[in-house]
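Asks: my_file.cif is the file, holding mmCIF, C-alpha atoms:
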data_structure
loop_
_atom_site.label_atom_id
_atom_site.label_comp_id
_atom_site.auth_asym_id
_atom_site.auth_seq_id
_atom_site.Cartn_x
_atom_site.Cartn_y
_atom_site.Cartn_z
CA MET T 1 109.41 109.83 118.07
CA ILE T 2 106.32 108.36 116.42
CA TRP T 3 106.69 105.20 118.45
CA LEU T 4 106.88 107.18 121.64
CA ALA T 5 103.72 109.05 120.66
CA LEU T 6 101.94 105.80 119.85
CA ILE T 7 102.97 104.20 123.13
CA ALA T 8 101.86 107.31 124.96
CA LEU T 9 98.51 107.15 123.14
CA LEU T 10 98.06 103.50 124.03
CA LEU T 11 98.95 104.10 127.64
CA PHE T 12 97.04 107.25 128.37
CA ALA T 13 94.19 107.55 125.92
CA PRO T 14 91.97 104.61 126.94
CA SER T 15 92.23 105.35 130.64
CA ALA T 16 91.45 109.02 130.02
CA TRP T 17 88.35 108.14 128.01
CA ALA T 18 87.11 105.57 130.44
CA GLY T 19 87.52 107.97 133.31
CA GLU T 20 85.56 110.59 131.46
CA ALA T 21 82.71 108.44 130.32
CA ARG T 22 82.05 106.40 133.43
CA PRO T 23 79.89 108.73 135.52
CA LEU T 24 77.49 109.25 132.61
CA ALA T 25 77.63 105.74 131.22
CA ASP T 26 76.45 104.31 134.51
CA ASP T 27 72.90 105.48 133.94
CA PRO T 28 71.15 102.70 131.94
CA ALA T 29 68.30 105.01 130.86
CA VAL T 30 70.79 107.42 129.28
CA GLU T 31 72.59 104.54 127.55
CA GLU T 32 69.28 103.23 126.24
CA ARG T 33 68.40 106.58 124.67
CA LEU T 34 71.94 106.97 123.32
CA LYS T 35 71.70 103.57 121.66
CA HIS T 36 68.30 104.44 120.23
CA LEU T 37 69.61 107.72 118.77
CA ALA T 38 73.03 106.50 117.67
CA VAL T 39 71.69 103.85 115.28
CA GLU T 40 69.94 106.64 113.35
CA LEU T 41 73.13 108.67 113.02
CA ARG T 42 75.96 108.12 110.60
CA CYS T 43 79.59 108.29 111.59
CA LEU T 44 81.38 110.84 109.42
CA VAL T 45 84.73 109.09 109.49
CA CYS T 46 83.72 105.53 108.65
CA GLN T 47 80.82 106.55 106.51
CA ASN T 48 78.90 103.31 106.37
CA GLN T 49 78.85 102.74 110.09
CA THR T 50 76.39 104.18 112.55
CA LEU T 51 77.51 106.32 115.41
CA ALA T 52 76.68 103.38 117.65
CA ASP T 53 78.95 100.95 115.80
CA SER T 54 81.94 103.13 115.05
CA ASN T 55 85.08 103.19 117.13
CA ALA T 56 86.51 106.26 115.40
CA PRO T 57 87.63 108.93 117.87
CA LEU T 58 85.14 111.38 116.38
CA ALA T 59 82.29 108.92 116.92
CA GLU T 60 83.51 108.52 120.48
CA ASP T 61 83.39 112.31 120.93
CA LEU T 62 79.98 112.63 119.33
CA ARG T 63 78.58 109.89 121.56
CA ARG T 64 79.95 111.86 124.50
CA GLU T 65 78.19 115.02 123.23
CA VAL T 66 74.91 113.16 122.70
CA ARG T 67 75.20 111.58 126.14
CA GLU T 68 75.65 115.00 127.71
CA MET T 69 72.66 116.38 125.85
CA ILE T 70 70.55 113.45 127.01
CA VAL T 71 71.59 114.13 130.59
CA LYS T 72 70.57 117.76 130.04
CA ASN T 73 67.15 116.40 129.10
CA MET T 74 67.15 117.69 125.54
CA SER T 75 64.60 116.19 123.18
CA ASP T 76 65.59 113.84 120.34
CA LYS T 77 64.78 116.59 117.87
CA GLU T 78 67.04 119.10 119.63
CA ILE T 79 69.90 116.60 119.69
CA ILE T 80 69.50 115.73 116.01
CA ASP T 81 69.24 119.44 115.11
CA PHE T 82 72.49 120.04 116.99
CA LEU T 83 74.28 117.50 114.83
CA VAL T 84 72.60 118.45 111.55
CA SER T 85 73.47 122.13 112.05
CA ARG T 86 77.14 121.12 112.25
CA TYR T 87 77.49 118.19 109.89
CA GLY T 88 74.48 118.53 107.59
CA ASP T 89 71.88 115.96 106.55
CA PHE T 90 74.73 113.55 105.94
CA VAL T 91 74.65 112.44 109.59
CA LEU T 92 71.10 111.20 109.19
CA TYR T 93 70.47 107.70 107.92
CA ARG T 94 67.01 108.92 106.93
CA PRO T 95 67.59 112.24 105.21
CA PRO T 96 64.57 114.58 105.01
CA LEU T 97 62.70 115.07 101.73
CA LYS T 98 64.15 118.22 100.14
CA SER T 99 64.86 119.45 96.64
CA THR T 100 68.36 117.96 96.80
CA THR T 101 67.15 114.57 98.04
CA THR T 102 64.13 114.20 95.72
CA LEU T 103 65.90 111.78 93.40
CA LEU T 104 66.94 109.69 96.38
CA TRP T 105 63.40 109.37 97.68
CA VAL T 106 61.41 109.32 94.44
CA GLY T 107 63.94 107.46 92.23
CA PRO T 108 63.06 103.90 93.33
CA PHE T 109 59.33 104.53 92.81
CA VAL T 110 59.96 106.03 89.38
CA LEU T 111 61.93 102.92 88.46
CA LEU T 112 59.20 100.66 89.86
CA VAL T 113 56.40 102.44 87.94
CA GLY T 114 58.55 102.57 84.79
CA GLY T 115 59.26 98.84 85.06
CA GLY T 116 55.56 98.13 85.67
CA ILE T 117 54.51 100.08 82.59
CA ALA T 118 57.18 98.36 80.47
CA LEU T 119 55.95 94.97 81.70
CA VAL T 120 52.29 95.71 80.93
CA VAL T 121 53.16 97.01 77.46
CA ALA T 122 55.32 93.98 76.72
CA LEU T 123 52.62 91.54 77.89
CA LYS T 124 49.93 93.26 75.83
CA ARG T 125 52.08 93.10 72.71
CA ARG T 126 52.77 89.43 73.21
CA GLY T 127 49.07 88.71 73.83
CA LYS T 128 48.21 90.33 70.51
CA LYS T 129 50.82 88.24 68.68
CA VAL T 130 49.48 84.97 70.13
CA ALA T 131 45.85 85.87 69.25
CA ASP T 132 46.85 86.82 65.72
CA ALA T 133 48.34 83.45 64.98
CA ALA T 134 45.18 81.88 63.49
CA ILE T 135 45.43 78.39 61.98
CA THR T 136 43.45 76.84 59.21
CA GLU T 137 41.18 73.77 59.45
CA GLU T 138 43.80 71.68 57.67
CA GLU T 139 46.52 72.66 60.14
CA HIS T 140 44.17 71.99 63.03
CA ARG T 141 43.51 68.45 61.85
CA ARG T 142 47.22 67.80 61.42
CA VAL T 143 47.94 68.95 64.94
CA GLU T 144 45.24 66.66 66.34
CA GLN T 145 46.69 63.76 64.37
CA LEU T 146 50.23 64.40 65.60
CA LEU T 147 49.07 64.65 69.15
CA SER T 148 47.09 61.41 69.06
CA GLU T 149 50.00 59.59 67.42
CA GLY T 150 52.17 60.86 70.23
CA VAL T 151 49.77 59.42 72.81
CA LYS T 152 49.73 55.98 71.08
CA ARG T 153 53.50 55.87 70.86
CA SER T 154 53.99 56.55 74.53
CA MET P 155 63.72 100.26 66.31
CA THR P 156 62.87 100.85 69.99
CA ARG P 157 64.10 97.34 70.71
CA PHE P 158 67.64 98.58 70.04
CA PHE P 159 67.40 102.17 71.12
CA LEU P 160 65.63 101.69 74.44
CA PRO P 161 68.37 99.58 76.07
CA LEU P 162 70.94 101.90 74.58
CA ALA P 163 69.18 104.93 76.05
CA ILE P 164 68.91 103.28 79.49
CA PHE P 165 72.58 102.34 79.28
CA GLY P 166 73.43 105.93 78.34
CA ILE P 167 71.53 107.34 81.32
CA MET P 168 73.26 104.88 83.65
CA VAL P 169 76.67 105.79 82.27
CA GLY P 170 75.78 109.45 82.82
CA PHE P 171 74.91 108.88 86.48
CA LEU P 172 77.98 106.75 87.10
CA ALA P 173 80.26 109.26 85.37
CA VAL P 174 78.98 112.05 87.63
CA GLY P 175 79.33 109.73 90.61
CA LEU P 176 82.95 109.03 89.77
CA THR P 177 83.88 112.72 89.81
CA LEU P 178 82.41 113.24 93.30
CA ASN P 179 84.47 112.67 96.40
CA PRO P 180 82.41 110.82 99.01
CA ARG P 181 84.76 112.02 101.73
CA GLU P 182 83.86 115.64 101.05
CA ILE P 183 80.70 116.37 102.91
CA PRO P 184 79.44 119.89 102.18
CA SER P 185 79.32 121.92 105.38
CA PRO P 186 76.02 123.49 106.40
CA LEU P 187 78.07 126.13 108.24
CA VAL P 188 79.27 127.97 105.13
CA GLY P 189 77.39 131.28 105.06
CA LYS P 190 76.64 131.08 108.78
CA GLU P 191 78.28 132.81 111.69
CA ALA P 192 81.44 131.07 112.88
CA PRO P 193 80.73 129.39 116.23
CA ALA P 194 82.17 131.29 119.17
CA PHE P 195 84.99 129.74 121.16
CA SER P 196 87.37 130.77 123.85
CA ARG P 197 90.34 128.48 124.40
CA GLN P 198 93.65 128.43 126.15
CA GLN P 199 96.58 129.38 123.92
CA LEU P 200 99.17 126.77 123.08
CA HIS P 201 102.24 128.94 123.56
CA GLU P 202 101.18 131.31 126.32
CA GLN P 203 99.01 129.17 128.50
CA ASP P 204 97.75 132.01 130.66
CA LYS P 205 96.26 133.72 127.60
CA VAL P 206 93.01 132.99 125.83
CA PHE P 207 92.32 132.69 122.11
CA ALA P 208 88.75 133.76 121.37
CA ARG P 209 86.84 134.13 118.15
CA LYS P 210 85.46 137.53 119.09
CA ASP P 211 89.00 139.00 119.29
CA LEU P 212 89.30 138.58 115.53
CA ALA P 213 86.25 140.61 114.48
CA GLY P 214 86.89 143.10 111.68
CA GLN P 215 89.45 141.08 109.76
CA VAL P 216 89.48 138.27 107.27
CA TRP P 217 91.29 135.25 108.72
CA LEU P 218 91.83 131.54 108.31
CA LEU P 219 91.12 129.04 111.04
CA ASN P 220 93.11 125.87 110.53
CA PHE P 221 92.39 122.75 112.58
CA TRP P 222 95.53 120.66 112.85
CA ALA P 223 97.33 118.22 115.11
CA SER P 224 100.86 116.90 115.45
CA TRP P 225 99.56 113.33 114.91
CA CYS P 226 97.87 114.23 111.63
CA SER P 227 99.72 113.32 108.43
CA GLY P 228 97.63 115.57 106.19
CA CYS P 229 98.73 118.49 108.33
CA LYS P 230 102.33 117.76 107.45
CA THR P 231 101.35 117.71 103.78
CA GLU P 232 99.75 121.13 103.87
CA HIS P 233 102.29 122.66 106.23
CA PRO P 234 104.72 124.05 103.59
CA VAL P 235 101.76 125.69 101.83
CA LEU P 236 100.69 127.35 105.07
CA MET P 237 104.26 128.49 105.75
CA GLU P 238 104.44 130.11 102.30
CA LEU P 239 101.09 131.77 102.88
CA ALA P 240 102.16 133.08 106.29
CA LYS P 241 105.33 134.48 104.76
CA SER P 242 103.39 136.26 102.01
CA GLY P 243 101.24 137.95 104.65
CA ALA P 244 98.15 137.74 102.42
CA VAL P 245 95.91 136.59 105.25
CA PRO P 246 96.54 135.77 108.92
CA ILE P 247 96.30 132.10 109.84
CA TYR P 248 95.11 131.04 113.26
CA GLY P 249 95.50 127.47 114.39
CA MET P 250 93.41 125.17 116.52
CA ASP P 251 95.39 122.28 117.92
CA TYR P 252 92.85 119.49 117.73
CA LYS P 253 92.94 116.66 120.29
CA ASP P 254 96.67 116.84 120.67
CA GLN P 255 99.26 116.74 123.42
CA ARG P 256 100.84 120.05 124.26
CA ASP P 257 104.49 118.99 124.20
CA GLU P 258 104.00 117.06 120.96
CA ALA P 259 102.32 120.06 119.35
CA LEU P 260 105.04 122.46 120.46
CA ALA P 261 107.76 120.10 119.26
CA TRP P 262 106.01 119.78 115.89
CA LEU P 263 105.87 123.55 115.44
CA ASN P 264 109.48 123.96 116.54
CA ARG P 265 110.60 121.36 114.09
CA TRP P 266 108.60 122.37 111.01
CA GLY P 267 107.93 126.07 111.66
CA ASN P 268 104.95 127.98 112.95
CA PRO P 269 102.67 129.64 110.37
CA TYR P 270 100.09 130.66 112.99
CA GLN P 271 99.49 134.03 114.63
CA ILE P 272 97.96 132.28 117.62
CA VAL P 273 97.26 128.62 118.29
CA GLY P 274 94.34 127.63 120.49
CA VAL P 275 94.09 124.29 122.25
CA ASP P 276 91.07 122.09 121.59
CA LEU P 277 91.99 119.18 123.78
CA GLU P 278 88.61 117.41 123.78
CA GLY P 279 87.65 118.27 120.23
CA ARG P 280 84.65 120.34 121.27
CA VAL P 281 85.50 123.38 119.15
CA GLY P 282 85.99 120.91 116.34
CA ILE P 283 82.48 119.53 116.81
CA ASP P 284 81.04 123.07 116.82
CA TYR P 285 82.74 123.70 113.50
CA GLY P 286 81.69 120.37 112.06
CA VAL P 287 85.26 119.09 111.81
CA TYR P 288 85.33 115.39 110.99
CA GLY P 289 88.96 114.94 110.07
CA VAL P 290 91.96 117.22 110.42
CA PRO P 291 93.22 119.19 108.62
CA GLU P 292 90.27 121.43 107.89
CA THR P 293 90.49 125.13 107.18
CA TYR P 294 87.83 127.82 107.37
CA VAL P 295 87.83 131.24 105.70
CA ILE P 296 86.08 133.69 108.04
CA ASP P 297 85.14 137.22 106.98
CA LYS P 298 85.14 140.56 108.81
CA GLN P 299 81.64 139.98 110.17
CA GLY P 300 82.66 136.59 111.54
CA VAL P 301 80.80 134.59 108.89
CA ILE P 302 82.30 131.35 107.52
CA ARG P 303 82.77 131.80 103.78
CA TYR P 304 84.54 128.63 102.78
CA LYS P 305 85.63 125.33 104.22
CA GLN P 306 88.63 123.43 102.91
CA ILE P 307 88.31 119.75 103.76
CA GLY P 308 91.66 118.03 103.88
CA PRO P 309 95.03 119.64 103.23
CA VAL P 310 95.23 123.14 101.76
CA THR P 311 96.86 122.57 98.40
CA GLU P 312 98.65 125.19 96.33
CA GLU P 313 95.92 124.80 93.76
CA ALA P 314 93.08 125.35 96.27
CA LEU P 315 94.93 128.34 97.63
CA ALA P 316 95.51 129.98 94.26
CA LYS P 317 92.16 129.16 92.69
CA THR P 318 89.73 129.43 95.58
CA ILE P 319 91.05 130.68 98.90
CA LEU P 320 93.18 133.67 97.91
CA PRO P 321 90.69 135.16 95.42
CA LEU P 322 87.97 134.78 98.05
CA VAL P 323 90.15 136.37 100.72
CA LYS P 324 90.93 139.31 98.44
CA GLU P 325 87.27 139.80 97.67
CA LEU P 326 86.33 139.68 101.35
CA GLN P 327 89.13 142.04 102.37
CA ALA P 328 87.97 144.60 99.79
CA LYS P 329 84.46 144.65 101.25
#
Let's see the structure in the file written out as structure tokens.

Replies:
Amino acid sequence: MIWLALIALLLFAPSAWAGEARPLADDPAVEERLKHLAVELRCLVCQNQTLADSNAPLAEDLRREVREMIVKNMSDKEIIDFLVSRYGDFVLYRPPLKSTTTLLWVGPFVLLVGGGIALVVALKRRGKKVADAAITEEEHRRVEQLLSEGVKRS
Amino acid sequence: MTRFFLPLAIFGIMVGFLAVGLTLNPREIPSPLVGKEAPAFSRQQLHEQDKVFARKDLAGQVWLLNFWASWCSGCKTEHPVLMELAKSGAVPIYGMDYKDQRDEALAWLNRWGNPYQIVGVDLEGRVGIDYGVYGVPETYVIDKQGVIRYKQIGPVTEEALAKTILPLVKELQAK
């Protein structure tokens, strides 16, 4: 039974899709806009692929929807709103700045500033330690002597 | 002192974030449609092809809309739960046969039983897109005013039914 279904899928599905998509796909301007939009949109099935890359049936369907909206001359914003109203911000690779996405947007900068402050503090502390290490005249002479001996030996 | 406690604190915060992350399911994408009006549809019925299954016919009652397909394994998993629910009569279940073949769908229902009042046919998956379906099975709880109150992503489990869906249905029916 399952095998029959699979064979039927293999036989009929691709031809059905191709037949559906062809009249729209022929227009290069539409395809160009679709490509432009689809790389900004996330496929919901294979979550780390864009709508442009994914071969999941849902991605196929969503590309068809987007294509139809392009043909209807809808703006990019209208098309994206259509998808966001159904699937949420998740479909966007660049989610908008909202209360729920603050950490996502601000987090890296917080880490950067935190790291910067930690670095400055650490450097200042070390600077103080080096300056504090004063040596006496006697020690100074001994260092000079050791250094010049080193030069002679080499 | 800070030399020891600072790394420990940072480690603690990281563990906290990772622990929360582990309990989340990345496949569950919260639906923006919960709390909004259920999208209208009008589709051919699976059993009686000359009849139409439309959302507006169901106004005034609390109902479940279940997207399923004969090719979907999760639908088989949840099927006994839906059958039990249908038998209990707690809430009517309506089906949407998502991107399926008619004979396969009918055979599936004949074989395993039919928990649905009516099944609509969504051959091209367009109703699915309007409802934000990204993988069958998905089930929506819709109230008397036609507002989506809850979305179950993946199979309806006995636990989800007892803890979330049925209490919600009861509450909505009482309104």

Asks: Run the PyMOL selection byres ((chain P and resi 319) around 12) mentally over the shown coordinates, then write out the matched residues as a PDB file with C-alpha atoms, keeping the file's coordinate frame, using the chain letters and numbers from the document.

Replies:
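Written out: expr.pdb:
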ATOM      1  CA  VAL P 216      89.480 138.270 107.270  1.00  0.00           C
ATOM      2  CA  TRP P 217      91.290 135.250 108.720  1.00  0.00           C
ATOM      3  CA  LEU P 218      91.830 131.540 108.310  1.00  0.00           C
ATOM      4  CA  LEU P 236     100.690 127.350 105.070  1.00  0.00           C
ATOM      5  CA  LEU P 239     101.090 131.770 102.880  1.00  0.00           C
ATOM      6  CA  ALA P 244      98.150 137.740 102.420  1.00  0.00           C
ATOM      7  CA  VAL P 245      95.910 136.590 105.250  1.00  0.00           C
ATOM      8  CA  THR P 293      90.490 125.130 107.180  1.00  0.00           C
ATOM      9  CA  TYR P 294      87.830 127.820 107.370  1.00  0.00           C
ATOM     10  CA  VAL P 295      87.830 131.240 105.700  1.00  0.00           C
ATOM     11  CA  ILE P 296      86.080 133.690 108.040  1.00  0.00           C
ATOM     12  CA  ASP P 297      85.140 137.220 106.980  1.00  0.00           C
ATOM     13  CA  ARG P 303      82.770 131.800 103.780  1.00  0.00           C
ATOM     14  CA  TYR P 304      84.540 128.630 102.780  1.00  0.00           C
ATOM     15  CA  LYS P 305      85.630 125.330 104.220  1.00  0.00           C
ATOM     16  CA  GLN P 306      88.630 123.430 102.910  1.00  0.00           C
ATOM     17  CA  VAL P 310      95.230 123.140 101.760  1.00  0.00           C
ATOM     18  CA  THR P 311      96.860 122.570  98.400  1.00  0.00           C
ATOM     19  CA  GLU P 312      98.650 125.190  96.330  1.00  0.00           C
ATOM     20  CA  GLU P 313      95.920 124.800  93.760  1.00  0.00           C
ATOM     21  CA  ALA P 314      93.080 125.350  96.270  1.00  0.00           C
ATOM     22  CA  LEU P 315      94.930 128.340  97.630  1.00  0.00           C
ATOM     23  CA  ALA P 316      95.510 129.980  94.260  1.00  0.00           C
ATOM     24  CA  LYS P 317      92.160 129.160  92.690  1.00  0.00           C
ATOM     25  CA  THR P 318      89.730 129.430  95.580  1.00  0.00           C
ATOM     26  CA  LEU P 320      93.180 133.670  97.910  1.00  0.00           C
ATOM     27  CA  PRO P 321      90.690 135.160  95.420  1.00  0.00           C
ATOM     28  CA  LEU P 322      87.970 134.780  98.050  1.00  0.00           C
ATOM     29  CA  VAL P 323      90.150 136.370 100.720  1.00  0.00           C
ATOM     30  CA  LYS P 324      90.930 139.310  98.440  1.00  0.00           C
ATOM     31  CA  GLU P 325      87.270 139.800  97.670  1.00  0.00           C
ATOM     32  CA  LEU P 326      86.330 139.680 101.350  1.00  0.00           C
TER      33      LEU P 326
END

Asks: Selection in question (the file shown): the PyMOL selection byres ((chain P) within 7 of (chain T)). Which residues does it include, as a list in words?

Replies: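 This file gives the following for the PyMOL selection byres ((chain P) within 7 of (chain T)): Ser185, Pro186, Leu187, Asp284, Tyr285, Gly286 and Tyr288 of chain P.
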
Asks: Report as a list in words all protein, DNA and RNA residues lying within 7 Å of stretch 226-228 of chain P, evaluated on all atoms listed in the file, omitting residues in the same chain fewer than 3 positions from it.

Replies: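 Listed by chain and then number, they are Trp222, Ala223, Thr231, Glu232, Val290, Pro291, Gly308 and Pro309 of chain P.
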
Asks: Carefully work through the PyMOL selection byres ((chain P and resi 254) around 9) for this structure and note down the residues it includes, as a list in words.

Replies: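 Here the PyMOL selection byres ((chain P and resi 254) around 9) matches Trp222, Ala223, Ser224, Trp225, Asp251, Tyr252, Lys253, Gln255, Arg256, Asp257, Glu258, Ala259, Val275, Asp276, Leu277 and Glu278 of chain P.
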
Asks: How many Å lie between atom CA of P:Ile183 and atom CA of P:Gly300, rounded to one decimal?

Replies: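 Result for atom CA of P:Ile183 versus atom CA of P:Gly300: 22.1 Å, one decimal.
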
Asks: What does the distance from atom CA of P:Lys230 to atom CA of P:Tyr248 come to in Å, to one decimal?

Replies: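 Interatomic distance here is 16.2 Å.
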